[in-house]
Every structure is written in C-alpha cells, then in structure tokens.
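Heads up, the thing below is written out as structure tokens.
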Amino acid sequence: MAAISNDTLTQWNAHLRTQTPLEIVRWAIAQAGGRAIVSTNFRPYEAAILHLAVQAQADIPVLWVDHGYNRPATYKHAEDLRARFNLNLKPYLPKVTAAHRDAIHGPIPTTEDEEGLKKFSAVMKLEPFQRGMKELAPTVWITALRKVQNPNRAGLDIVSHDANFGALKVSPLFYFTDAELDAYLAQHALPNEWDYFDPAKADEKRECGLHAAWGKKAVNG
C-alpha cells in the first residue's frame, strides 16, 4: 500500500475516534481489498481484538509468532481462543528453537543488556514476524496496540502507516483503558490470561521492535 498523506491520516483518525472498535475493524477490512490480517501474541486482553476481528471477517488470517518461550498458560489460552473463534491461525516460528538458542547463547538477556535483547528479538521474534508479513502480504494490519502500553505507542493513533511493512496499521482499541477492556471481556464472556511473558521485551515499557523503526534494520541490517 502506498504511503497515506498525513492529512488523510488525520481525517481518518478524527472520524474513527467517534466509532466503536467493531466499526473501526469493519472500516479497516473495507480498506484492505481482501488482504487484511490481525496479529496476536495471546497476551492479556488479546481475546478482545480477536473477537472483534472474526466478527468482521470470520476467516481473517491471524499472524502469531510462537518464539518458543511462552508459558504453559499462554499456550493453553491460545488453543482455547483458536477453538472458541475458529481462528485462521498462521503460526510463524524462529529458524532456531528456544532450546537450541539457549544452549548456544545462554539465558534470555536482561534489561541491562539492551544490545543483547535486540539481537534476541531479531532472531526469535522479528525474523519470523517479517517472514509472516512477507508471505501474507497484508495491505491492512489490525493490531491490539493501545496508547497506555508504553511511551512509544503514545505517539501513534488508531490508524498509522507502518513504514516497516508498508501496511496501513489499524488499532481499534487504541484509546481503551484496562477497565474498559475488562468490561468488554465480561460483556462477551471472554477469557483473559495473565501469566504472560515476552522475552523480547523483558520490561513492559520496552519495544520488542515490531512497532519501532529499529526493528526492520535489526533483521535486514
């Protein structure tokens, strides 16, 4: 998809700010020409974005990078949601297993080792994600990004042009608080899962690279 002008993005965001998340998802899919995807990592509250996505397009491809470090509860949650929503799940795995990587390079880097974390993320998360995006080739990428998640995301909006993947990135829950998502899950009797750990972040305020400019260079460079 060609880059969208800032004026157009501003107009879209102003309009969508008044819409419900489901209306935003339907708008996003209408822009996609049959090439929309939704990404997930099955972290807390992911049931909401998946519930919205399949209401708008039952067979929408669901891109999931299974880096191999998820805890058992997260894998069980993933299988629950796969069955519950009949997800068209598209798992992408790193080219090296978690056990192989740990045997050669040792434990997951800590937040004190920023360079090590970026290298870890490039191999275990970014490369399989970029491979998935290349194969699925979406024009519209629906995400569960929210403004409250970390400082980098506070500068985004419901709709943005993702320079890393050349797609229109749409985040229908961007302005939702945790309390609003709790209410959404309760309203629709959806499960949540709190025993989640992202080894590529090690800290919730960090970016793993998927939504940051350095992410593309980390793999390609």
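Convention: chains lettered A, B, ... in structure tokens order; per-chain residue numbering from 1; ligands numbered from 1 as shown.
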
Write out as a Markdown table a residue-level contact list of stretch 45-151 of chain A versus stretch 161-182 of chain A with cut-off 10 Å: for each qualifying residue the closest pair of atoms and the distance in Å to one decimal, counting only C-alpha atoms, rows sorted by chain and residue number upward.
| residue | atom | partner | partner_atom | distance |
| --- | --- | --- | --- | --- |
| A:Tyr45 | CA | A:Leu181 | CA | 6.8 |
| A:Glu46 | CA | A:Leu181 | CA | 9.7 |
| A:Ala47 | CA | A:Leu181 | CA | 9.7 |
| A:Ala48 | CA | A:Leu181 | CA | 7.4 |
| A:Ile49 | CA | A:Leu173 | CA | 7.6 |
| A:Leu52 | CA | A:Pro172 | CA | 8.9 |
| A:Ala53 | CA | A:Pro172 | CA | 9.8 |
| A:Gln130 | CA | A:Phe165 | CA | 8.0 |
| A:Met133 | CA | A:Phe165 | CA | 7.2 |
| A:Lys134 | CA | A:Phe165 | CA | 8.2 |
| A:Ala137 | CA | A:Ala167 | CA | 8.6 |
| A:Pro138 | CA | A:Ala167 | CA | 6.5 |
| A:Thr139 | CA | A:Ala167 | CA | 4.8 |
| A:Val140 | CA | A:Leu168 | CA | 4.7 |
| A:Trp141 | CA | A:Lys169 | CA | 4.8 |
| A:Ile142 | CA | A:Val170 | CA | 4.8 |
| A:Thr143 | CA | A:Ser171 | CA | 5.0 |
| A:Ala144 | CA | A:Ser171 | CA | 5.7 |
| A:Leu145 | CA | A:Ser171 | CA | 5.6 |
| A:Arg146 | CA | A:Phe174 | CA | 4.0 |
| A:Lys147 | CA | A:Phe174 | CA | 5.5 |
| A:Val148 | CA | A:Thr177 | CA | 7.2 |
| A:Gln149 | CA | A:Phe174 | CA | 9.5 |

**OP:** Could you find all residues in chain A that DSSP calls strand (DSSP E or B) from the backbone, and write them as JSON, numbers by chain?
**Re:** {"A": [36, 37, 38, 39, 40, 61, 62, 63, 64, 65, 88, 89, 90, 91, 92, 140, 141, 142, 159, 160, 161, 162, 167, 168, 169, 170]}

Write the residues of the preceding selection, restricted to N, CA and C atoms, as a compact mmCIF listing (two decimals), in the first residue's frame.
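Generated file (result.txt):
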# COMPACT_ATOMS: atom_id res chain seq x y z
N ALA A 36 -6.50 -8.14 4.59
CA ALA A 36 -6.34 -7.72 5.99
C ALA A 36 -5.86 -8.91 6.81
N ILE A 37 -5.05 -8.61 7.82
CA ILE A 37 -4.68 -9.62 8.81
C ILE A 37 -4.82 -8.98 10.20
N VAL A 38 -4.84 -9.84 11.21
CA VAL A 38 -4.73 -9.37 12.59
C VAL A 38 -3.56 -10.13 13.21
N SER A 39 -2.76 -9.44 14.00
CA SER A 39 -1.64 -10.10 14.68
C SER A 39 -1.98 -10.26 16.15
N THR A 40 -1.40 -11.29 16.75
CA THR A 40 -1.63 -11.54 18.17
C THR A 40 -0.40 -12.19 18.78
N PRO A 61 -6.80 -13.96 8.42
CA PRO A 61 -5.56 -14.60 8.87
C PRO A 61 -5.07 -13.97 10.18
N VAL A 62 -4.67 -14.83 11.10
CA VAL A 62 -4.19 -14.39 12.42
C VAL A 62 -2.71 -14.73 12.52
N LEU A 63 -1.86 -13.72 12.43
CA LEU A 63 -0.41 -13.92 12.46
C LEU A 63 0.08 -14.01 13.90
N TRP A 64 0.71 -15.12 14.22
CA TRP A 64 1.23 -15.36 15.57
C TRP A 64 2.67 -15.84 15.48
N VAL A 65 3.59 -15.11 16.09
CA VAL A 65 4.96 -15.58 16.22
C VAL A 65 5.06 -16.38 17.52
N ASN A 88 -8.29 -18.64 12.02
CA ASN A 88 -7.45 -18.99 10.87
C ASN A 88 -6.01 -18.64 11.25
N LEU A 89 -5.48 -19.43 12.20
CA LEU A 89 -4.20 -19.09 12.82
C LEU A 89 -3.04 -19.41 11.89
N LYS A 90 -2.12 -18.46 11.78
CA LYS A 90 -0.93 -18.61 10.95
C LYS A 90 0.30 -18.48 11.85
N PRO A 91 0.75 -19.59 12.44
CA PRO A 91 1.91 -19.51 13.33
C PRO A 91 3.21 -19.43 12.54
N TYR A 92 4.10 -18.58 13.00
CA TYR A 92 5.45 -18.49 12.43
C TYR A 92 6.45 -18.69 13.55
N VAL A 140 -3.64 -4.14 5.05
CA VAL A 140 -4.11 -3.61 6.33
C VAL A 140 -3.73 -4.60 7.43
N TRP A 141 -3.12 -4.07 8.48
CA TRP A 141 -2.64 -4.86 9.61
C TRP A 141 -3.37 -4.38 10.86
N ILE A 142 -4.25 -5.23 11.40
CA ILE A 142 -5.02 -4.88 12.59
C ILE A 142 -4.25 -5.35 13.82
N VAL A 159 -5.09 4.84 13.43
CA VAL A 159 -4.58 4.48 12.11
C VAL A 159 -3.24 5.15 11.88
N SER A 160 -2.30 4.38 11.38
CA SER A 160 -0.99 4.94 11.01
C SER A 160 -0.44 4.13 9.85
N HIS A 161 0.50 4.72 9.14
CA HIS A 161 1.17 3.97 8.07
C HIS A 161 2.41 3.33 8.66
N ASP A 162 2.51 2.01 8.54
CA ASP A 162 3.66 1.30 9.09
C ASP A 162 4.76 1.22 8.04
N ALA A 167 2.22 -1.33 5.32
CA ALA A 167 0.80 -1.60 5.50
C ALA A 167 0.13 -0.48 6.29
N LEU A 168 -1.17 -0.40 6.16
CA LEU A 168 -1.95 0.51 6.99
C LEU A 168 -2.19 -0.21 8.32
N LYS A 169 -1.68 0.36 9.40
CA LYS A 169 -1.81 -0.27 10.72
C LYS A 169 -3.01 0.33 11.44
N VAL A 170 -3.93 -0.53 11.84
CA VAL A 170 -5.16 -0.07 12.47
C VAL A 170 -5.27 -0.71 13.86

Proximity of stretch 25-111 of chain A to stretch 195-198 of chain A: per-residue shortest pair, 7 Å limit, only C-alpha atoms, as JSON lines:
{"residue": "A:Arg43", "atom": "CA", "partner": "A:Tyr196", "partner_atom": "CA", "distance": 5.7}
{"residue": "A:Asn70", "atom": "CA", "partner": "A:Phe197", "partner_atom": "CA", "distance": 6.6}
{"residue": "A:Arg71", "atom": "CA", "partner": "A:Tyr196", "partner_atom": "CA", "distance": 6.6}
{"residue": "A:Ala73", "atom": "CA", "partner": "A:Asp195", "partner_atom": "CA", "distance": 6.3}
{"residue": "A:Thr74", "atom": "CA", "partner": "A:Tyr196", "partner_atom": "CA", "distance": 6.2}

Output C-alpha atoms for every residue in the selection just made, as a PDB file, in the first residue's frame.
ATOM      1  CA  ARG A  43      -1.026 -11.677  25.890  1.00  0.00           C
ATOM      2  CA  ASN A  70       5.579 -18.793  26.092  1.00  0.00           C
ATOM      3  CA  ARG A  71       4.471 -20.167  29.424  1.00  0.00           C
ATOM      4  CA  ALA A  73      -0.889 -20.939  30.432  1.00  0.00           C
ATOM      5  CA  THR A  74      -0.326 -18.822  27.318  1.00  0.00           C
TER       6      THR A  74
END

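In this comparison, which uses only C-alpha atoms, the residue of A:Lys119, A:Asp102, A:Phe42, A:Ala186 approaching A:Pro72 most closely is A:Phe42.
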
**OP:** Kindly give the distance, in Å, that separates atom CA of A:Glu115 and atom CA of A:Ala200, rounded to a single decimal.
**Re:**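 That distance, rounded to one decimal, is 11.4 Å.
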
**OP:** Go through A:Asn86, A:Ile60, A:His51, A:Ala14 one by one, measure the shortest atom-to-atom distance of each to A:Ala32 using only C-alpha atoms, and give the residue with the smallest value.
**Re:**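 Counting only C-alpha atoms, the residue closest to A:Ala32 is A:Ile60.
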
Original post:
Which of stretch 28-221 of chain A counts as alpha helix (DSSP H) under DSSP, as a PyMOL selection string please?
Top reply: chain A and resi 28-31+46-56+72-85+98-105+114-121+127-136+178-187+214-220

Original post:
Which residues, written as a VMD selection string, have at least one atom at most 7 Å from A:Leu87, with only C-alpha atoms counted and residues fewer than 3 positions away on the same chain left out?
Top reply: chain A and resid 59 62 82 to 83

**OP:** For stretch 99-101 of chain A, please output as a list in words all residues within 12 Å (counting only C-alpha atoms; exclusion window: fewer than 4 positions along the same chain).
**Re:** His67, Gly68, Tyr69, Pro94, Lys95, His105, Gly106, Pro107, Ile108, Pro109, Lys119, Phe120, Ser121, Val123 and Met124 of chain A

Original post:
Rounded to one decimal in Å, what is the spacing between atom CA of A:Trp12 and atom CA of A:Ile24?
Top reply: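 Those two atoms sit 10.2 Å apart.
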
Subject >> Selected residue, from A:Glu193, A:Gln55, A:Ala122, A:Pro21, that lies nearest to A:Ala78 when counting only C-alpha atoms >> reply: A:Glu193

Subject >> Point-to-point distance from atom CA of A:Leu126 to atom CA of A:Asp157, Å rounded to tenths >> reply: 22.3 Å
